[in-house]
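Structure file protein.csv with CSV, C-alpha atoms:
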```csv
chain,number,residue,atom,x,y,z
A,1,MET,CA,-45.2,-63.8,195.8
A,2,GLU,CA,-44.1,-60.5,194.6
A,3,CYS,CA,-44.3,-60.0,190.8
A,4,VAL,CA,-42.5,-57.3,188.9
A,5,PHE,CA,-42.1,-57.4,185.2
A,6,GLY,CA,-41.3,-55.0,182.4
A,7,LEU,CA,-40.7,-54.7,178.7
A,8,VAL,CA,-39.4,-52.2,176.1
A,9,GLY,CA,-41.6,-51.0,173.3
A,10,ASN,CA,-41.5,-48.5,170.4
A,11,GLY,CA,-40.3,-45.3,172.1
A,12,PHE,CA,-41.4,-46.4,175.6
A,13,ALA,CA,-40.8,-48.8,178.4
A,14,VAL,CA,-43.4,-50.3,180.7
A,15,ILE,CA,-43.1,-51.8,184.2
A,16,ALA,CA,-45.9,-53.6,186.0
A,17,ALA,CA,-45.9,-54.8,189.6
A,18,ASP,CA,-48.2,-56.4,192.0
A,19,THR,CA,-49.4,-54.1,194.8
A,20,SER,CA,-49.8,-56.3,197.9
A,21,ALA,CA,-47.8,-55.8,201.0
A,22,VAL,CA,-47.6,-59.2,202.7
A,23,HIS,CA,-46.2,-60.3,206.0
A,24,SER,CA,-46.3,-64.1,206.4
A,25,ILE,CA,-49.9,-65.1,205.9
A,26,LEU,CA,-51.3,-61.6,206.4
A,27,VAL,CA,-51.9,-59.1,203.6
A,28,HIS,CA,-51.3,-55.7,205.2
A,29,LYS,CA,-52.5,-53.7,202.2
A,30,SER,CA,-53.3,-54.3,198.5
A,31,ASN,CA,-52.4,-50.9,197.1
A,32,GLU,CA,-48.7,-50.7,197.9
A,33,ASP,CA,-46.9,-48.9,195.0
A,34,LYS,CA,-43.7,-50.8,194.2
A,35,VAL,CA,-42.9,-48.9,191.0
A,36,MET,CA,-41.2,-45.7,192.1
A,37,ILE,CA,-40.9,-42.8,189.7
A,38,LEU,CA,-37.3,-42.1,190.2
A,39,ASP,CA,-37.2,-38.8,188.3
A,40,SER,CA,-38.9,-37.3,185.3
A,41,HIS,CA,-37.9,-40.0,182.9
A,42,LYS,CA,-37.1,-43.1,185.0
A,43,LEU,CA,-39.1,-45.9,186.7
A,44,PHE,CA,-37.7,-48.1,189.4
A,45,GLY,CA,-39.7,-51.3,189.9
A,46,ALA,CA,-38.4,-53.1,193.0
A,47,SER,CA,-39.3,-56.4,194.6
A,48,GLY,CA,-37.9,-58.0,197.8
A,49,GLU,CA,-37.8,-57.5,201.5
A,50,PRO,CA,-40.2,-54.6,202.3
A,51,GLY,CA,-37.8,-52.6,204.5
A,52,ASP,CA,-34.9,-52.9,202.1
A,53,ARG,CA,-37.1,-52.2,199.1
A,54,VAL,CA,-38.4,-48.8,200.5
A,55,GLN,CA,-35.1,-47.7,202.0
A,56,PHE,CA,-32.9,-48.6,199.1
A,57,THR,CA,-35.2,-47.2,196.4
A,58,GLU,CA,-35.6,-43.9,198.3
A,59,TYR,CA,-31.8,-43.8,198.8
A,60,ILE,CA,-31.3,-44.2,195.0
A,61,GLN,CA,-34.0,-41.6,194.3
A,62,LYS,CA,-32.4,-39.0,196.5
A,63,ASN,CA,-28.9,-39.6,195.2
A,64,VAL,CA,-30.2,-39.3,191.6
A,65,ALA,CA,-31.9,-36.0,192.6
A,66,LEU,CA,-28.7,-34.8,194.3
A,67,TYR,CA,-26.7,-35.4,191.1
A,68,GLN,CA,-29.2,-33.3,189.2
A,69,PHE,CA,-29.0,-30.5,191.7
A,70,ARG,CA,-25.2,-30.5,191.8
A,71,ASN,CA,-24.6,-30.9,188.0
A,72,GLY,CA,-27.6,-29.2,186.5
A,73,ILE,CA,-28.4,-32.2,184.3
A,74,PRO,CA,-30.1,-35.5,185.0
A,75,LEU,CA,-28.3,-38.8,185.2
A,76,THR,CA,-28.7,-41.1,182.1
A,77,THR,CA,-30.5,-44.4,182.6
A,78,ALA,CA,-27.3,-46.3,182.1
A,79,ALA,CA,-25.5,-44.3,184.7
A,80,THR,CA,-28.3,-44.7,187.1
A,81,ALA,CA,-28.3,-48.5,186.5
A,82,ASN,CA,-24.6,-48.7,187.1
A,83,PHE,CA,-24.8,-46.5,190.2
A,84,THR,CA,-27.5,-48.7,191.6
A,85,ARG,CA,-25.5,-51.8,190.9
A,86,GLY,CA,-22.5,-50.2,192.6
A,87,GLU,CA,-24.5,-49.6,195.7
A,88,LEU,CA,-25.8,-53.1,195.8
A,89,ALA,CA,-22.4,-54.6,195.1
A,90,THR,CA,-20.8,-52.5,197.8
A,91,ALA,CA,-23.4,-53.5,200.4
A,92,LEU,CA,-23.1,-57.1,199.3
A,93,ARG,CA,-19.6,-57.5,200.6
A,94,LYS,CA,-19.3,-54.7,203.2
A,95,TYR,CA,-18.9,-55.9,206.7
A,96,LYS,CA,-20.9,-54.4,209.5
A,97,VAL,CA,-19.2,-54.9,212.9
A,98,THR,CA,-21.4,-55.3,215.9
A,99,VAL,CA,-20.0,-55.3,219.4
A,100,SER,CA,-22.0,-56.5,222.3
A,101,PHE,CA,-21.4,-55.8,226.0
A,102,LEU,CA,-22.7,-57.6,229.0
A,103,HIS,CA,-24.6,-54.6,230.0
A,104,ALA,CA,-24.3,-50.8,229.7
A,105,VAL,CA,-21.9,-50.4,232.6
A,106,LEU,CA,-19.1,-52.7,231.4
A,107,THR,CA,-16.8,-51.3,228.8
A,108,THR,CA,-14.9,-54.3,227.7
A,109,PRO,CA,-16.6,-55.9,224.8
A,110,LEU,CA,-18.0,-59.4,225.3
A,111,SER,CA,-18.2,-60.4,221.7
A,112,CYS,CA,-17.4,-58.8,218.4
A,113,THR,CA,-19.2,-60.1,215.3
A,114,SER,CA,-19.0,-58.9,211.8
A,115,ILE,CA,-21.8,-59.7,209.4
A,116,GLU,CA,-22.7,-58.9,205.9
A,117,ASN,CA,-25.7,-56.7,205.4
A,118,PRO,CA,-26.7,-56.9,201.7
A,119,TYR,CA,-29.9,-55.4,200.4
A,120,SER,CA,-32.4,-58.0,199.3
A,121,VAL,CA,-34.0,-56.0,196.5
A,122,ASN,CA,-34.5,-57.0,192.9
A,123,ILE,CA,-34.8,-54.1,190.6
A,124,LEU,CA,-36.1,-53.3,187.1
A,125,LEU,CA,-35.0,-49.9,186.0
A,126,ALA,CA,-36.7,-48.4,183.0
A,127,GLY,CA,-35.8,-45.1,181.5
A,128,TYR,CA,-36.0,-42.8,178.5
A,129,ASP,CA,-33.0,-40.9,177.2
A,130,LYS,CA,-33.4,-38.4,174.4
A,131,ASP,CA,-30.5,-39.8,172.3
A,132,ILE,CA,-30.9,-43.5,173.1
A,133,GLY,CA,-34.6,-44.0,173.5
A,134,PRO,CA,-36.2,-46.3,176.0
A,135,SER,CA,-34.1,-48.9,177.9
A,136,LEU,CA,-34.7,-51.5,180.6
A,137,TYR,CA,-32.1,-52.8,183.1
A,138,PHE,CA,-32.3,-56.0,185.1
A,139,ILE,CA,-30.5,-55.6,188.4
A,140,ASP,CA,-30.4,-58.7,190.6
A,141,TYR,CA,-30.2,-58.5,194.5
A,142,ILE,CA,-26.6,-59.7,194.2
A,143,ALA,CA,-25.9,-56.8,191.8
A,144,THR,CA,-25.9,-58.6,188.5
A,145,LEU,CA,-26.6,-55.9,185.9
A,146,HIS,CA,-27.8,-56.5,182.4
A,147,LYS,CA,-29.6,-54.4,179.8
A,148,VAL,CA,-32.6,-56.3,178.5
A,149,ASP,CA,-35.8,-56.0,176.4
A,150,LYS,CA,-38.0,-57.9,178.8
A,151,ALA,CA,-37.5,-59.1,182.3
A,152,ALA,CA,-39.4,-60.3,185.4
A,153,PHE,CA,-38.9,-61.1,189.1
A,154,GLY,CA,-40.7,-63.3,191.5
A,155,TYR,CA,-42.8,-66.3,191.2
A,156,GLY,CA,-44.9,-64.4,188.6
A,157,ALA,CA,-41.8,-64.4,186.4
A,158,TYR,CA,-42.4,-68.0,185.5
A,159,PHE,CA,-45.7,-67.0,183.9
A,160,SER,CA,-45.0,-63.5,182.6
A,161,LEU,CA,-41.6,-64.5,181.0
A,162,SER,CA,-43.3,-67.3,179.2
A,163,MET,CA,-46.0,-65.1,177.9
A,164,MET,CA,-43.5,-62.4,176.9
A,165,ASP,CA,-41.3,-65.0,175.1
A,166,ARG,CA,-44.3,-66.0,173.1
A,167,HIS,CA,-45.9,-62.7,172.3
A,168,TYR,CA,-43.1,-60.1,172.5
A,169,HIS,CA,-41.4,-58.6,169.5
A,170,GLY,CA,-39.3,-55.5,169.1
A,171,GLY,CA,-41.0,-52.2,168.6
A,172,MET,CA,-44.4,-53.0,170.0
A,173,SER,CA,-46.9,-50.2,170.1
A,174,LEU,CA,-48.3,-49.0,173.4
A,175,GLU,CA,-51.6,-50.8,172.9
A,176,GLU,CA,-49.9,-54.1,172.0
A,177,ALA,CA,-47.6,-53.8,175.0
A,178,ILE,CA,-50.4,-53.1,177.5
A,179,ASP,CA,-52.3,-56.0,175.9
A,180,LEU,CA,-49.3,-58.2,176.6
A,181,VAL,CA,-49.0,-56.9,180.1
A,182,ASP,CA,-52.6,-57.7,180.7
A,183,LYS,CA,-52.1,-61.2,179.3
A,184,CYS,CA,-49.3,-61.7,181.8
A,185,ILE,CA,-51.5,-60.5,184.6
A,186,VAL,CA,-54.3,-62.9,183.6
A,187,GLU,CA,-51.8,-65.7,183.6
A,188,ILE,CA,-50.4,-64.8,187.0
A,189,ARG,CA,-53.9,-64.4,188.5
A,190,SER,CA,-55.1,-67.7,187.2
A,191,ARG,CA,-52.0,-69.9,187.6
A,192,LEU,CA,-50.1,-68.7,190.7
A,193,VAL,CA,-51.3,-70.3,193.9
A,194,VAL,CA,-51.2,-67.2,196.1
A,195,ALA,CA,-51.7,-64.7,193.3
A,196,PRO,CA,-51.7,-61.0,194.1
A,197,PRO,CA,-55.1,-59.5,193.3
A,198,ASN,CA,-54.0,-56.0,192.2
A,199,PHE,CA,-51.4,-54.6,189.8
A,200,VAL,CA,-50.1,-51.2,188.9
A,201,ILE,CA,-48.8,-50.4,185.4
A,202,LYS,CA,-46.4,-47.5,184.8
A,203,ILE,CA,-44.8,-46.3,181.6
A,204,VAL,CA,-42.0,-44.0,180.6
A,205,ASP,CA,-41.6,-42.4,177.3
A,206,LYS,CA,-40.4,-39.1,175.8
A,207,ASP,CA,-43.2,-37.3,177.8
A,208,GLY,CA,-41.9,-38.7,181.1
A,209,ALA,CA,-42.6,-41.3,183.6
A,210,ARG,CA,-46.2,-41.7,184.8
A,211,GLU,CA,-48.7,-44.1,186.1
A,212,TYR,CA,-50.7,-45.7,183.3
A,213,ALA,CA,-53.3,-47.9,185.0
A,214,TRP,CA,-54.2,-50.0,187.9
A,215,ARG,CA,-55.7,-53.5,187.5
A,216,GLU,CA,-57.7,-54.2,190.6
A,217,THR,CA,-59.8,-57.1,191.6
A,218,ILE,CA,-59.9,-56.1,195.3
A,219,LYS,CA,-60.6,-52.5,196.2
A,220,GLU,CA,-58.8,-51.4,199.3
A,221,ALA,CA,-61.4,-49.9,201.7
A,222,GLY,CA,-60.9,-46.2,202.4
A,223,VAL,CA,-60.0,-44.7,205.7
A,224,VAL,CA,-63.1,-44.2,207.9
A,225,ALA,CA,-63.3,-40.6,209.2
A,226,ALA,CA,-63.3,-40.3,212.9
A,227,ALA,CA,-66.8,-39.5,214.2
B,1,MET,CA,-25.9,-76.2,193.0
B,2,SER,CA,-22.6,-74.5,193.7
B,3,ILE,CA,-22.3,-70.7,193.8
B,4,PHE,CA,-20.1,-70.9,190.7
B,5,GLU,CA,-23.0,-72.4,188.8
B,6,TYR,CA,-25.6,-69.8,189.9
B,7,ASN,CA,-25.5,-67.7,186.8
B,8,GLY,CA,-23.9,-70.4,184.6
B,9,SER,CA,-21.0,-70.0,182.3
B,10,ALA,CA,-18.6,-71.8,180.0
B,11,VAL,CA,-15.3,-70.2,179.1
B,12,VAL,CA,-12.7,-72.1,177.1
B,13,ALA,CA,-9.4,-70.9,175.8
B,14,MET,CA,-6.6,-72.5,174.0
B,15,VAL,CA,-3.1,-71.6,172.9
B,16,GLY,CA,-1.6,-72.4,169.6
B,17,LYS,CA,1.5,-71.5,167.6
B,18,ASN,CA,1.8,-67.7,168.0
B,19,CYS,CA,-1.9,-67.4,168.5
B,20,PHE,CA,-4.6,-68.1,170.9
B,21,ALA,CA,-8.4,-68.3,171.0
B,22,ILE,CA,-10.9,-67.7,173.7
B,23,ALA,CA,-14.6,-68.4,173.6
B,24,SER,CA,-17.5,-68.3,176.0
B,25,ASP,CA,-21.2,-68.8,176.1
B,26,ARG,CA,-23.4,-65.8,176.3
B,27,ARG,CA,-26.1,-67.0,178.7
B,28,LEU,CA,-27.1,-65.2,181.8
B,29,GLY,CA,-29.2,-67.3,184.1
B,30,VAL,CA,-30.5,-67.5,187.6
B,31,GLN,CA,-30.3,-71.2,188.5
B,32,LEU,CA,-32.4,-72.8,185.7
B,33,GLN,CA,-34.1,-69.6,184.5
B,34,THR,CA,-32.5,-67.9,181.5
B,35,ILE,CA,-32.5,-64.1,181.8
B,36,ALA,CA,-30.6,-63.1,178.7
B,37,THR,CA,-28.6,-64.6,175.8
B,38,ASP,CA,-26.2,-61.7,175.2
B,39,PHE,CA,-24.2,-61.4,178.4
B,40,GLN,CA,-20.6,-60.6,177.9
B,41,LYS,CA,-18.0,-62.8,179.7
B,42,ILE,CA,-14.8,-62.1,177.7
B,43,PHE,CA,-13.3,-58.7,177.9
B,44,GLN,CA,-10.4,-57.1,176.0
B,45,ILE,CA,-8.1,-55.2,178.3
B,46,HIS,CA,-5.7,-54.0,175.6
B,47,ASP,CA,-4.4,-54.9,172.2
B,48,ARG,CA,-2.9,-58.2,173.3
B,49,LEU,CA,-4.7,-59.1,176.4
B,50,PHE,CA,-8.0,-60.8,176.8
B,51,LEU,CA,-9.8,-61.7,180.0
B,52,GLY,CA,-12.4,-64.5,180.3
B,53,LEU,CA,-14.3,-64.6,183.5
B,54,SER,CA,-16.6,-67.4,184.5
B,55,GLY,CA,-18.6,-67.8,187.6
B,56,LEU,CA,-20.9,-65.5,189.5
B,57,GLY,CA,-22.2,-62.6,187.3
B,58,THR,CA,-21.9,-59.9,189.9
B,59,ASP,CA,-18.3,-60.7,190.6
B,60,MET,CA,-17.6,-61.0,186.9
B,61,GLN,CA,-18.7,-57.4,186.5
B,62,THR,CA,-17.1,-56.1,189.7
B,63,LEU,CA,-13.8,-57.8,188.9
B,64,TYR,CA,-13.8,-56.5,185.3
B,65,GLN,CA,-14.5,-53.0,186.4
B,66,ARG,CA,-11.8,-53.0,189.1
B,67,LEU,CA,-9.2,-54.5,186.7
B,68,VAL,CA,-10.0,-52.0,183.9
B,69,PHE,CA,-9.8,-49.2,186.4
B,70,ARG,CA,-6.3,-50.4,187.6
B,71,HIS,CA,-5.1,-50.8,184.0
B,72,LYS,CA,-6.3,-47.4,183.0
B,73,LEU,CA,-4.5,-45.8,185.9
B,74,TYR,CA,-1.4,-47.7,185.0
B,75,GLN,CA,-1.8,-46.5,181.4
B,76,LEU,CA,-2.0,-42.9,182.6
B,77,ARG,CA,1.0,-43.2,184.8
B,78,GLU,CA,3.3,-45.4,182.6
B,79,GLU,CA,2.0,-44.3,179.2
B,80,ARG,CA,2.0,-47.9,178.0
B,81,ASP,CA,0.0,-51.0,178.3
B,82,MET,CA,0.5,-53.4,181.2
B,83,LYS,CA,2.6,-56.4,180.4
B,84,PRO,CA,0.4,-59.5,180.7
B,85,GLU,CA,2.5,-61.0,183.4
B,86,THR,CA,2.1,-57.9,185.4
B,87,PHE,CA,-1.6,-57.9,184.8
B,88,ALA,CA,-1.8,-61.5,185.9
B,89,SER,CA,-0.2,-60.4,189.2
B,90,VAL,CA,-2.8,-57.7,189.6
B,91,VAL,CA,-5.6,-60.2,189.1
B,92,LEU,CA,-3.9,-62.6,191.6
B,93,ALA,CA,-3.6,-59.8,194.2
B,94,ILE,CA,-7.2,-58.7,193.9
B,95,LEU,CA,-8.5,-62.2,194.0
B,96,TYR,CA,-6.4,-63.3,197.0
B,97,GLU,CA,-6.9,-60.2,199.2
B,98,LYS,CA,-10.5,-61.3,199.6
B,99,ARG,CA,-9.8,-64.9,200.1
B,100,GLU,CA,-10.7,-65.3,203.8
B,101,ILE,CA,-13.4,-62.8,204.3
B,102,SER,CA,-15.5,-62.5,201.2
B,103,PRO,CA,-14.2,-64.7,198.4
B,104,VAL,CA,-14.7,-63.7,194.8
B,105,PHE,CA,-16.5,-66.4,193.0
B,106,GLU,CA,-14.7,-66.3,189.7
B,107,LYS,CA,-12.3,-68.4,187.7
B,108,VAL,CA,-10.2,-66.5,185.3
B,109,ALA,CA,-8.8,-67.2,181.9
B,110,LEU,CA,-6.0,-64.9,180.9
B,111,LEU,CA,-4.6,-65.1,177.4
B,112,TYR,CA,-1.7,-63.4,175.9
B,113,PRO,CA,1.2,-64.1,173.5
B,114,THR,CA,4.7,-64.4,175.0
B,115,LEU,CA,8.1,-65.0,173.5
B,116,GLY,CA,8.4,-67.8,171.1
B,117,ASN,CA,5.9,-70.6,170.8
B,118,ILE,CA,5.0,-70.8,174.4
B,119,LEU,CA,1.8,-69.2,175.3
B,120,GLU,CA,0.6,-69.0,178.8
B,121,GLY,CA,-2.9,-69.7,179.3
B,122,TYR,CA,-4.9,-70.8,182.3
B,123,PRO,CA,-8.2,-72.0,180.8
B,124,MET,CA,-11.0,-72.3,183.3
B,125,LYS,CA,-14.2,-74.1,182.8
B,126,GLU,CA,-17.5,-74.0,184.7
B,127,THR,CA,-20.8,-75.5,184.1
B,128,ALA,CA,-19.8,-77.1,180.9
B,129,TYR,CA,-16.6,-78.6,182.2
B,130,ARG,CA,-17.1,-82.2,181.1
B,131,ARG,CA,-18.3,-81.2,177.7
B,132,PHE,CA,-15.3,-79.0,177.0
B,133,ALA,CA,-12.5,-80.8,178.8
B,134,GLY,CA,-12.4,-83.8,176.5
B,135,PRO,CA,-12.0,-82.3,173.1
B,136,THR,CA,-9.9,-79.4,174.4
B,137,LEU,CA,-7.3,-81.7,176.0
B,138,THR,CA,-7.1,-83.8,172.9
B,139,LEU,CA,-6.6,-80.8,170.6
B,140,ARG,CA,-4.0,-79.3,172.8
B,141,SER,CA,-1.8,-82.3,173.0
B,142,GLU,CA,-1.9,-82.8,169.3
B,143,SER,CA,-1.5,-79.4,167.9
B,144,ALA,CA,0.4,-77.3,170.3
B,145,GLY,CA,2.5,-79.8,172.1
B,146,ASN,CA,2.3,-77.8,175.3
B,147,GLU,CA,1.7,-79.0,178.7
B,148,TRP,CA,-1.8,-78.9,179.9
B,149,ASP,CA,-1.8,-76.7,182.9
```

As structure tokens, what does this structure read like?
Amino acid sequence: MECVFGLVGNGFAVIAADTSAVHSILVHKSNEDKVMILDSHKLFGASGEPGDRVQFTEYIQKNVALYQFRNGIPLTTAATANFTRGELATALRKYKVTVSFLHAVLTTPLSCTSIENPYSVNILLAGYDKDIGPSLYFIDYIATLHKVDKAAFGYGAYFSLSMMDRHYHGGMSLEEAIDLVDKCIVEIRSRLVVAPPNFVIKIVDKDGAREYAWRETIKEAGVVAAA
Amino acid sequence: MSIFEYNGSAVVAMVGKNCFAIASDRRLGVQLQTIATDFQKIFQIHDRLFLGLSGLGTDMQTLYQRLVFRHKLYQLREERDMKPETFASVVLAILYEKREISPVFEKVALLYPTLGNILEGYPMKETAYRRFAGPTLTLRSESAGNEWD
């Protein structure tokens, strides 16, 4: 029931995501941040299998940082999107060979299986480039890349995309865009059967990528100090 | 729904007398949900070579990038464009090498002018097959007089 959605406005891009970490019927926590600040001017909203989500987004983040260290300039949003797509596409078809033995002593392999190990992460990449302005990229878990104005993943997409189709227009101001994001959140909360209670909203514009607001209905209890 | 219909695509191409035309839809979908309406499915490789790819979006992009890469390297080495027949062989090789292990879910339409009136075209159709096949077949047999491949 993970929901991630985003849109491009006038000189900025915004990504909103739910913040519940769920395992089967159990909610582990309700303040899990799924929109990573990739670098100074990029946001990486990811939804999918939790392990893959964290590992893959951190992997991309470190590689983006490495590029900046090596070359002295940051990657553009388009380049980051294509790099991300390349990593997903490679993992999609790469074969991981596992060899199993009867037990540790035997050296002849009993069976050799090769499996694919793709990342199950859907990504919305929002960034701001000085010469291009804001942009939003939709990257599917099977590495389909497309530059879009508005996008959404998860069951919440059914509601947020419909609201955005109705109310979105090019060049929205920040107030209008946040208002639209709130409308989408209200729809998800009222119409999705196992709706996530809390959301985080992050924006990226010429001043950088930052957290804008949290929309919480359930406050996570703080850690109790040991007596 | 088959894997070829996951993203949805309709690519149609036709040969005529010393000309050809290729057209595609521009929808990118995920099953029944539309993601975008400006997705590119026809790519120009060089002056006289167009490539229409229909099928899974990710393979569309990967295939196009690999083919453009191969063609650019060829251009650097040979200082000329690849002949369409040669390019078709490259496409064939790339598609076939993955046949057993991890197939590429693409159908390819490759259009180029050849000598005389005979144009080689291998039009492929996907989600909109039934809608396109009828009129296309009729038009081909009337105007071009070529064999439907």

Residue neighbourhood segment 88-94 of chain B, 10 Å, only C-alpha atoms, exclusion window fewer than 4 positions, as a PyMOL selection string: chain B and resi 51+63-64+66-67+70-71+82-84+98-99+104+108-111

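Interatomic distance, atom CA of Glu85 of chain B to atom CA of Gln61 of chain B: 21.7 Å.
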
Between atom CA of Asp52 of chain A and atom CA of Phe39 of chain B, what is the distance in Å, rounded to a tenth?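 A separation of 27.4 Å between them.
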
Can you tell me which residues surround segment 204-208 of chain A at a distance of at most 6 Å, considering all atoms listed in the file, apart from same-chain residues fewer than 2 positions away, and format the answer as an mmCIF file with C-alpha atoms, in the coordinates of the input?
```
data_model
loop_
_atom_site.group_PDB
_atom_site.id
_atom_site.type_symbol
_atom_site.label_atom_id
_atom_site.label_comp_id
_atom_site.auth_asym_id
_atom_site.auth_seq_id
_atom_site.Cartn_x
_atom_site.Cartn_y
_atom_site.Cartn_z
ATOM 1 C CA PHE A 12 -41.400 -46.400 175.600
ATOM 2 C CA ALA A 13 -40.800 -48.800 178.400
ATOM 3 C CA SER A 40 -38.900 -37.300 185.300
ATOM 4 C CA HIS A 41 -37.900 -40.000 182.900
ATOM 5 C CA TYR A 128 -36.000 -42.800 178.500
#
```

With 10 Å as the limit and counting all atoms listed in the file, what residues in chain B lie close to chain A? Please list them as a VMD selection string. chain B and resid 7 28 30 33 to 40 56 to 62 98 101 to 104

Can you spit out the residues from that selection as an mmCIF file, in the coordinates of the input, using C-alpha atoms?
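Saved to part-v7.cif:
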```cif
data_model
loop_
_atom_site.group_PDB
_atom_site.id
_atom_site.type_symbol
_atom_site.label_atom_id
_atom_site.label_comp_id
_atom_site.auth_asym_id
_atom_site.auth_seq_id
_atom_site.Cartn_x
_atom_site.Cartn_y
_atom_site.Cartn_z
ATOM 1 C CA ASN B 7 -25.500 -67.700 186.800
ATOM 2 C CA LEU B 28 -27.100 -65.200 181.800
ATOM 3 C CA VAL B 30 -30.500 -67.500 187.600
ATOM 4 C CA GLN B 33 -34.100 -69.600 184.500
ATOM 5 C CA THR B 34 -32.500 -67.900 181.500
ATOM 6 C CA ILE B 35 -32.500 -64.100 181.800
ATOM 7 C CA ALA B 36 -30.600 -63.100 178.700
ATOM 8 C CA THR B 37 -28.600 -64.600 175.800
ATOM 9 C CA ASP B 38 -26.200 -61.700 175.200
ATOM 10 C CA PHE B 39 -24.200 -61.400 178.400
ATOM 11 C CA GLN B 40 -20.600 -60.600 177.900
ATOM 12 C CA LEU B 56 -20.900 -65.500 189.500
ATOM 13 C CA GLY B 57 -22.200 -62.600 187.300
ATOM 14 C CA THR B 58 -21.900 -59.900 189.900
ATOM 15 C CA ASP B 59 -18.300 -60.700 190.600
ATOM 16 C CA MET B 60 -17.600 -61.000 186.900
ATOM 17 C CA GLN B 61 -18.700 -57.400 186.500
ATOM 18 C CA THR B 62 -17.100 -56.100 189.700
ATOM 19 C CA LYS B 98 -10.500 -61.300 199.600
ATOM 20 C CA ILE B 101 -13.400 -62.800 204.300
ATOM 21 C CA SER B 102 -15.500 -62.500 201.200
ATOM 22 C CA PRO B 103 -14.200 -64.700 198.400
ATOM 23 C CA VAL B 104 -14.700 -63.700 194.800
#
```

Take atom CA of Leu38 of chain A and atom CA of Val64 of chain A and report the distance between them in Å, one decimal.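 Going from atom CA of Leu38 of chain A over to atom CA of Val64 of chain A, I get 7.8 Å.
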
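Using only C-alpha atoms, the residues found no farther than 8 Å from Asp25 of chain B, other than those of its own chain fewer than 3 positions away, are Ser9, Ala10, Val11 and Lys41 of chain B.
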
Residues of the last selection are to be written out with C-alpha atoms, as a tab-separated table (two decimals), in the frame of the given file.
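See again12.tsv below for the written result:
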```
chain	number	residue	atom	x	y	z
B	9	SER	CA	-21.00	-70.00	182.30
B	10	ALA	CA	-18.60	-71.80	180.00
B	11	VAL	CA	-15.30	-70.20	179.10
B	41	LYS	CA	-18.00	-62.80	179.70
```

Just checking: using all atoms listed in the file, which residue out of A:Thr19, A:Ser111, A:Asn198, A:Thr57 ends up closest to Thr80 of chain A?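 Checking each of A:Thr19, A:Ser111, A:Asn198, A:Thr57 against Thr80 of chain A, counting all atoms listed in the file, the winner is A:Thr57.
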
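You can rank A:Lys130, A:Lys183, A:Arg189, A:Lys62 by their closest distance to Glu216 of chain A using only C-alpha atoms, and at the top of that list sits A:Arg189.
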
Please identify all polymer residues lying at most 8 Å from the point (-29.1, -48.7, 183.9) (file coordinates), using all atoms listed in the file, and present the result as a PyMOL selection string. chain A and resi 76-84+125-127+135-137+145+147

Excluding Phe4 of chain B and its own-chain neighbours fewer than 3 positions away, which residues fall within 8 Å of it when counting only C-alpha atoms? Please give them as a list in words.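 Result of the neighbour search: Asn7, Gly8, Ser54, Gly55, Leu56, Phe105, Glu106 and Glu126 of chain B.
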